[in-house]
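Here is structure.pdb, consisting of PDB, C-alpha atoms:
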ATOM      1  CA  MET A 819       0.000   0.000   0.000
ATOM      2  CA  GLU A 820       1.410   3.353  -0.989
ATOM      3  CA  ASN A 821       1.668   6.150   1.526
ATOM      4  CA  ALA A 822      -1.647   7.923   1.078
ATOM      5  CA  ASN A 823      -3.051  11.214   2.196
ATOM      6  CA  PRO A 824      -6.366  10.318   3.873
ATOM      7  CA  THR A 825      -7.857  13.668   2.853
ATOM      8  CA  ILE A 826      -7.363  12.738  -0.824
ATOM      9  CA  LEU A 827      -8.146   9.045  -0.597
ATOM     10  CA  ASN A 828     -11.549   8.129   0.673
ATOM     11  CA  ARG A 829     -10.965   6.636   4.137
ATOM     12  CA  ARG A 830     -13.478   3.905   3.443
ATOM     13  CA  GLU A 831     -11.554   2.839   0.341
ATOM     14  CA  LEU A 832      -8.329   2.997   2.312
ATOM     15  CA  MET A 833      -9.782   0.733   5.014
ATOM     16  CA  GLN A 834     -11.080  -1.674   2.346
ATOM     17  CA  ASN A 835      -7.542  -1.824   0.972
ATOM     18  CA  VAL A 836      -6.195  -2.543   4.467
ATOM     19  CA  ILE A 837      -8.798  -5.313   4.903
ATOM     20  CA  SER A 838      -7.745  -6.836   1.561
ATOM     21  CA  ILE A 839      -4.107  -6.836   2.670
ATOM     22  CA  MET A 840      -5.062  -8.539   5.934
ATOM     23  CA  LYS A 841      -7.068 -11.204   4.092
ATOM     24  CA  GLU A 842      -4.178 -11.853   1.693
ATOM     25  CA  ASP A 843      -1.758 -12.135   4.607
ATOM     26  CA  VAL A 844      -3.966 -14.720   6.327
ATOM     27  CA  LEU A 845      -4.474 -16.592   3.059
ATOM     28  CA  HIS A 846      -0.701 -16.838   2.591
ATOM     29  CA  ASN A 847      -0.051 -17.367   6.307
ATOM     30  CA  VAL A 848       1.952 -14.143   6.627
ATOM     31  CA  GLU A 849       1.864 -12.179   9.871
ATOM     32  CA  THR A 850       0.135  -8.835   9.297
ATOM     33  CA  GLN A 851       2.098  -5.877  10.611
ATOM     34  CA  VAL A 852      -0.680  -3.571  11.813
ATOM     35  CA  ASP A 853       1.786  -0.857  12.820
ATOM     36  CA  GLU A 854       3.131  -0.757   9.253
ATOM     37  CA  LEU A 855      -0.391  -0.524   7.842
ATOM     38  CA  ILE A 856      -1.117   2.378  10.184
ATOM     39  CA  GLN A 857       2.058   4.144   9.125
ATOM     40  CA  GLN A 858       1.371   3.553   5.431
ATOM     41  CA  SER A 859      -2.189   4.849   5.789
ATOM     42  CA  GLY A 860      -0.916   8.267   6.820
ATOM     43  CA  MET A 861      -3.469   8.386   9.640
ATOM     44  CA  PRO A 862      -2.817   8.799  13.326
ATOM     45  CA  GLN A 863      -3.178   5.473  15.160
ATOM     46  CA  ARG A 864      -6.410   6.460  16.927
ATOM     47  CA  THR A 865      -7.988   7.605  13.668
ATOM     48  CA  PHE A 866      -6.927   4.382  11.956
ATOM     49  CA  TYR A 867      -8.419   2.231  14.743
ATOM     50  CA  TYR A 868     -11.609   4.311  14.787
ATOM     51  CA  ASN A 869     -12.103   4.047  11.021
ATOM     52  CA  PHE A 870     -11.273   0.342  11.006
ATOM     53  CA  LYS A 871     -13.766  -0.375  13.771
ATOM     54  CA  GLN A 872     -16.430   1.722  12.024
ATOM     55  CA  ILE A 873     -16.192  -0.559   8.982
ATOM     56  CA  THR A 874     -15.596  -3.967  10.566
ATOM     57  CA  GLY A 875     -17.000  -3.617  14.074
ATOM     58  CA  GLU A 876     -13.712  -5.015  15.406
ATOM     59  CA  SER A 877     -10.193  -3.906  16.200
ATOM     60  CA  PRO A 878      -7.576  -4.798  13.564
ATOM     61  CA  LYS A 879      -6.029  -7.496  15.768
ATOM     62  CA  ARG A 880      -9.411  -9.078  16.554
ATOM     63  CA  PHE A 881     -10.315  -8.945  12.852
ATOM     64  CA  ILE A 882      -7.099 -10.770  11.906
ATOM     65  CA  LYS A 883      -7.604 -13.333  14.667
ATOM     66  CA  ASN A 884     -11.142 -14.034  13.463
ATOM     67  CA  LEU A 885      -9.909 -14.397   9.875
ATOM     68  CA  LYS A 886      -7.376 -16.956  11.086
ATOM     69  CA  ILE A 887     -10.049 -18.853  13.024
ATOM     70  CA  LYS A 888     -12.206 -19.009   9.899
ATOM     71  CA  LYS A 889      -9.206 -20.280   7.948
ATOM     72  CA  VAL A 890      -8.628 -22.999  10.569
ATOM     73  CA  ARG A 891     -12.277 -24.006  10.139
ATOM     74  CA  GLU A 892     -11.787 -24.285   6.365
ATOM     75  CA  LYS A 893      -8.770 -26.515   6.950
ATOM     76  CA  LEU A 894     -10.661 -28.646   9.482
ATOM     77  CA  ILE A 895     -13.457 -29.130   6.982
ATOM     78  CA  ALA A 896     -11.016 -30.013   4.209
ATOM     79  CA  SER A 897      -8.977 -32.342   6.412
ATOM     80  CA  LYS A 898      -9.320 -36.063   5.971
ATOM     81  CA  LYS A 899      -9.609 -38.232   9.052
ATOM     82  CA  GLY A 900      -6.233 -39.119  10.475
ATOM     83  CA  MET A 901      -4.335 -36.660   8.279
ATOM     84  CA  ASN A 902      -4.153 -33.657  10.630
ATOM     85  CA  THR A 903      -5.100 -32.897  14.190
ATOM     86  CA  ILE A 904      -6.903 -29.788  15.329
ATOM     87  CA  GLN A 905      -3.756 -28.760  17.186
ATOM     88  CA  GLU A 906      -1.591 -29.095  14.059
ATOM     89  CA  ILE A 907      -3.977 -27.034  11.961
ATOM     90  CA  ALA A 908      -4.410 -24.378  14.659
ATOM     91  CA  ALA A 909      -0.633 -24.111  15.132
ATOM     92  CA  ILE A 910      -0.171 -23.308  11.438
ATOM     93  CA  TYR A 911      -2.116 -20.094  12.054
ATOM     94  CA  GLY A 912      -0.358 -19.218  15.284
ATOM     95  CA  PHE A 913      -2.763 -20.707  17.828
ATOM     96  CA  HIS A 914      -0.737 -22.585  20.430
ATOM     97  CA  HIS A 915      -2.873 -22.335  23.565
ATOM     98  CA  MET A 916      -5.614 -24.822  22.757
ATOM     99  CA  GLY A 917      -7.918 -23.837  25.627
ATOM    100  CA  GLN A 918      -7.994 -20.193  24.551
ATOM    101  CA  PHE A 919      -8.200 -21.183  20.889
ATOM    102  CA  GLY A 920     -11.217 -23.415  21.585
ATOM    103  CA  GLN A 921     -12.972 -20.588  23.381
ATOM    104  CA  ASP A 922     -12.201 -18.062  20.624
ATOM    105  CA  TYR A 923     -13.217 -20.558  17.931
ATOM    106  CA  LYS A 924     -16.555 -21.159  19.627
ATOM    107  CA  ASN A 925     -17.183 -17.401  19.922
ATOM    108  CA  VAL A 926     -16.557 -16.906  16.193
ATOM    109  CA  ILE A 927     -17.874 -20.146  14.655
ATOM    110  CA  GLY A 928     -20.529 -21.113  17.204
ATOM    111  CA  GLU A 929     -19.157 -24.543  18.036
ATOM    112  CA  LEU A 930     -15.940 -26.053  19.346
ATOM    113  CA  PRO A 931     -13.271 -27.065  16.824
ATOM    114  CA  SER A 932     -13.712 -30.683  17.918
ATOM    115  CA  GLU A 933     -17.405 -30.473  16.995
ATOM    116  CA  THR A 934     -16.525 -29.179  13.522
ATOM    117  CA  PHE A 935     -13.901 -31.900  13.169
ATOM    118  CA  LYS A 936     -16.258 -34.687  14.327
ATOM    119  CA  LYS A 937     -19.040 -33.590  11.988
ATOM    120  CA  ILE A 938     -16.977 -32.924   8.915
ATOM    121  CA  ALA A 939     -13.944 -35.228   9.026
ATOM    122  CA  PRO A 940     -15.841 -38.572   9.009
ATOM    123  CA  GLN A 941     -18.098 -37.339   6.203
ATOM    124  CA  THR A 942     -15.106 -36.212   4.146
ATOM    125  CA  PHE A 943     -13.352 -39.507   4.843
ATOM    126  CA  THR A 944     -16.414 -41.467   3.702
ATOM    127  CA  GLN A 945     -16.720 -39.398   0.555
ATOM    128  CA  SER A 946     -13.067 -40.036  -0.298
ATOM    129  CA  LEU A 947     -13.718 -43.807  -0.090
ATOM    130  CA  GLU A 948     -16.577 -43.543  -2.564
ATOM    131  CA  LYS A 949     -14.366 -42.014  -5.261
TER     132      LYS A 949
END
Full structure transcribed into structure tokens:
Amino acid sequence: MENANPTILNRRELMQNVISIMKEDVLHNVETQVDELIQQSGMPQRTFYYNFKQITGESPKRFIKNLKIKKVREKLIASKKGMNTIQEIAAIYGFHHMGQFGQDYKNVIGELPSETFKKIAPQTFTQSLEK
């Protein structure tokens, strides 16, 4: 993202660009540097956080964490039984405290990761046998 003057660039567009960068970082498993995004935006930190929360309803760090949780869910769904554990998949996205991860996952997804894994993994495994 180029250094932008927020008075010239629409702040909403700027925040959408920041959100796109965050999504790309999560997709490619790259740690998002929020401080760098703030600096590149040309906004004071408080203004950046305010505008970000106005658009997403969350702080930048919470937004990134929730993106990662959703990515873990995608991987759990795609996982075949016996291939990966919840802990292995969560660790890929930087979740190492399983108790806290389980709580955060449930808050975002609405069920525990083990519930997602139990529902999806056997079904996926069965489908792979049919092919």
Polymer residues at most 12 Å from stretch 906-917 of chain A, all atoms listed in the file, same-chain spacing of 4 or more positions, as a ChimeraX atom specification: /A:843-850,882-897,900-902,921-924,930-932,935
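You can rank A:Ile927, A:Lys936, A:Glu842, A:Gln834 by their closest distance to A:Gln872 using all atoms listed in the file, and at the top of that list sits A:Gln834.
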Residue members of the PyMOL selection byres ((chain A and resi 862-867) around 12) in the file shown, as JSON, numbers by chain: {"A": [823, 824, 829, 830, 832, 833, 836, 852, 853, 854, 855, 856, 857, 858, 859, 860, 861, 868, 869, 870, 871, 872, 873, 874, 875, 876, 877, 878, 879, 880, 881]}
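Here the question is which of A:Gln851, A:Gly920, A:Gln905, A:Asn828 gets nearest to A:Glu933 using only C-alpha atoms, and that residue is A:Gly920.
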Just so I have it separately, write stretch 837-858 of chain A from the block I sent, keeping N, CA, C and O atoms, as an mmCIF file, in the first residue's frame.
data_model
loop_
_atom_site.group_PDB
_atom_site.id
_atom_site.type_symbol
_atom_site.label_atom_id
_atom_site.label_comp_id
_atom_site.auth_asym_id
_atom_site.auth_seq_id
_atom_site.Cartn_x
_atom_site.Cartn_y
_atom_site.Cartn_z
ATOM 1 N N ILE A 837 -8.115 -4.028 4.676
ATOM 2 C CA ILE A 837 -8.798 -5.313 4.903
ATOM 3 C C ILE A 837 -8.351 -6.344 3.870
ATOM 4 O O ILE A 837 -8.091 -7.504 4.202
ATOM 5 N N SER A 838 -8.215 -5.924 2.617
ATOM 6 C CA SER A 838 -7.745 -6.836 1.561
ATOM 7 C C SER A 838 -6.340 -7.337 1.849
ATOM 8 O O SER A 838 -6.041 -8.519 1.652
ATOM 9 N N ILE A 839 -5.472 -6.439 2.321
ATOM 10 C CA ILE A 839 -4.107 -6.836 2.670
ATOM 11 C C ILE A 839 -4.137 -7.853 3.803
ATOM 12 O O ILE A 839 -3.435 -8.874 3.761
ATOM 13 N N MET A 840 -4.961 -7.616 4.801
ATOM 14 C CA MET A 840 -5.062 -8.539 5.934
ATOM 15 C C MET A 840 -5.546 -9.913 5.471
ATOM 16 O O MET A 840 -5.013 -10.943 5.891
ATOM 17 N N LYS A 841 -6.542 -9.934 4.602
ATOM 18 C CA LYS A 841 -7.068 -11.204 4.092
ATOM 19 C C LYS A 841 -6.006 -11.956 3.291
ATOM 20 O O LYS A 841 -5.870 -13.175 3.417
ATOM 21 N N GLU A 842 -5.255 -11.229 2.470
ATOM 22 C CA GLU A 842 -4.178 -11.853 1.693
ATOM 23 C C GLU A 842 -3.106 -12.429 2.619
ATOM 24 O O GLU A 842 -2.598 -13.519 2.377
ATOM 25 N N ASP A 843 -2.762 -11.660 3.653
ATOM 26 C CA ASP A 843 -1.758 -12.135 4.607
ATOM 27 C C ASP A 843 -2.198 -13.433 5.270
ATOM 28 O O ASP A 843 -1.418 -14.377 5.385
ATOM 29 N N VAL A 844 -3.455 -13.499 5.691
ATOM 30 C CA VAL A 844 -3.966 -14.720 6.327
ATOM 31 C C VAL A 844 -3.991 -15.863 5.316
ATOM 32 O O VAL A 844 -3.585 -16.984 5.626
ATOM 33 N N LEU A 845 -4.421 -15.575 4.107
ATOM 34 C CA LEU A 845 -4.474 -16.592 3.059
ATOM 35 C C LEU A 845 -3.096 -17.210 2.821
ATOM 36 O O LEU A 845 -2.966 -18.418 2.642
ATOM 37 N N HIS A 846 -2.058 -16.367 2.846
ATOM 38 C CA HIS A 846 -0.701 -16.838 2.591
ATOM 39 C C HIS A 846 0.078 -17.108 3.875
ATOM 40 O O HIS A 846 1.296 -17.311 3.839
ATOM 41 N N ASN A 847 -0.632 -17.085 4.998
ATOM 42 C CA ASN A 847 -0.051 -17.367 6.307
ATOM 43 C C ASN A 847 1.145 -16.459 6.615
ATOM 44 O O ASN A 847 2.197 -16.910 7.061
ATOM 45 N N VAL A 848 0.943 -15.165 6.343
ATOM 46 C CA VAL A 848 1.952 -14.143 6.627
ATOM 47 C C VAL A 848 1.423 -13.290 7.774
ATOM 48 O O VAL A 848 0.243 -12.917 7.780
ATOM 49 N N GLU A 849 2.282 -12.984 8.721
ATOM 50 C CA GLU A 849 1.864 -12.179 9.871
ATOM 51 C C GLU A 849 1.653 -10.730 9.432
ATOM 52 O O GLU A 849 2.550 -10.103 8.884
ATOM 53 N N THR A 850 0.458 -10.213 9.647
ATOM 54 C CA THR A 850 0.135 -8.835 9.297
ATOM 55 C C THR A 850 0.780 -7.881 10.293
ATOM 56 O O THR A 850 0.634 -8.050 11.498
ATOM 57 N N GLN A 851 1.462 -6.895 9.782
ATOM 58 C CA GLN A 851 2.098 -5.877 10.611
ATOM 59 C C GLN A 851 1.172 -4.662 10.679
ATOM 60 O O GLN A 851 1.224 -3.774 9.825
ATOM 61 N N VAL A 852 0.312 -4.638 11.683
ATOM 62 C CA VAL A 852 -0.680 -3.571 11.813
ATOM 63 C C VAL A 852 -0.006 -2.211 11.930
ATOM 64 O O VAL A 852 -0.460 -1.235 11.312
ATOM 65 N N ASP A 853 1.085 -2.133 12.673
ATOM 66 C CA ASP A 853 1.786 -0.857 12.820
ATOM 67 C C ASP A 853 2.246 -0.310 11.475
ATOM 68 O O ASP A 853 2.190 0.897 11.228
ATOM 69 N N GLU A 854 2.716 -1.184 10.594
ATOM 70 C CA GLU A 854 3.131 -0.757 9.253
ATOM 71 C C GLU A 854 1.935 -0.263 8.443
ATOM 72 O O GLU A 854 2.048 0.715 7.711
ATOM 73 N N LEU A 855 0.807 -0.957 8.557
ATOM 74 C CA LEU A 855 -0.391 -0.524 7.842
ATOM 75 C C LEU A 855 -0.849 0.855 8.317
ATOM 76 O O LEU A 855 -1.269 1.684 7.517
ATOM 77 N N ILE A 856 -0.745 1.076 9.623
ATOM 78 C CA ILE A 856 -1.117 2.378 10.184
ATOM 79 C C ILE A 856 -0.189 3.455 9.619
ATOM 80 O O ILE A 856 -0.659 4.506 9.152
ATOM 81 N N GLN A 857 1.085 3.179 9.632
ATOM 82 C CA GLN A 857 2.058 4.144 9.125
ATOM 83 C C GLN A 857 1.818 4.432 7.643
ATOM 84 O O GLN A 857 1.819 5.582 7.212
ATOM 85 N N GLN A 858 1.589 3.389 6.859
ATOM 86 C CA GLN A 858 1.371 3.553 5.431
ATOM 87 C C GLN A 858 0.065 4.279 5.123
ATOM 88 O O GLN A 858 -0.063 4.910 4.082
#
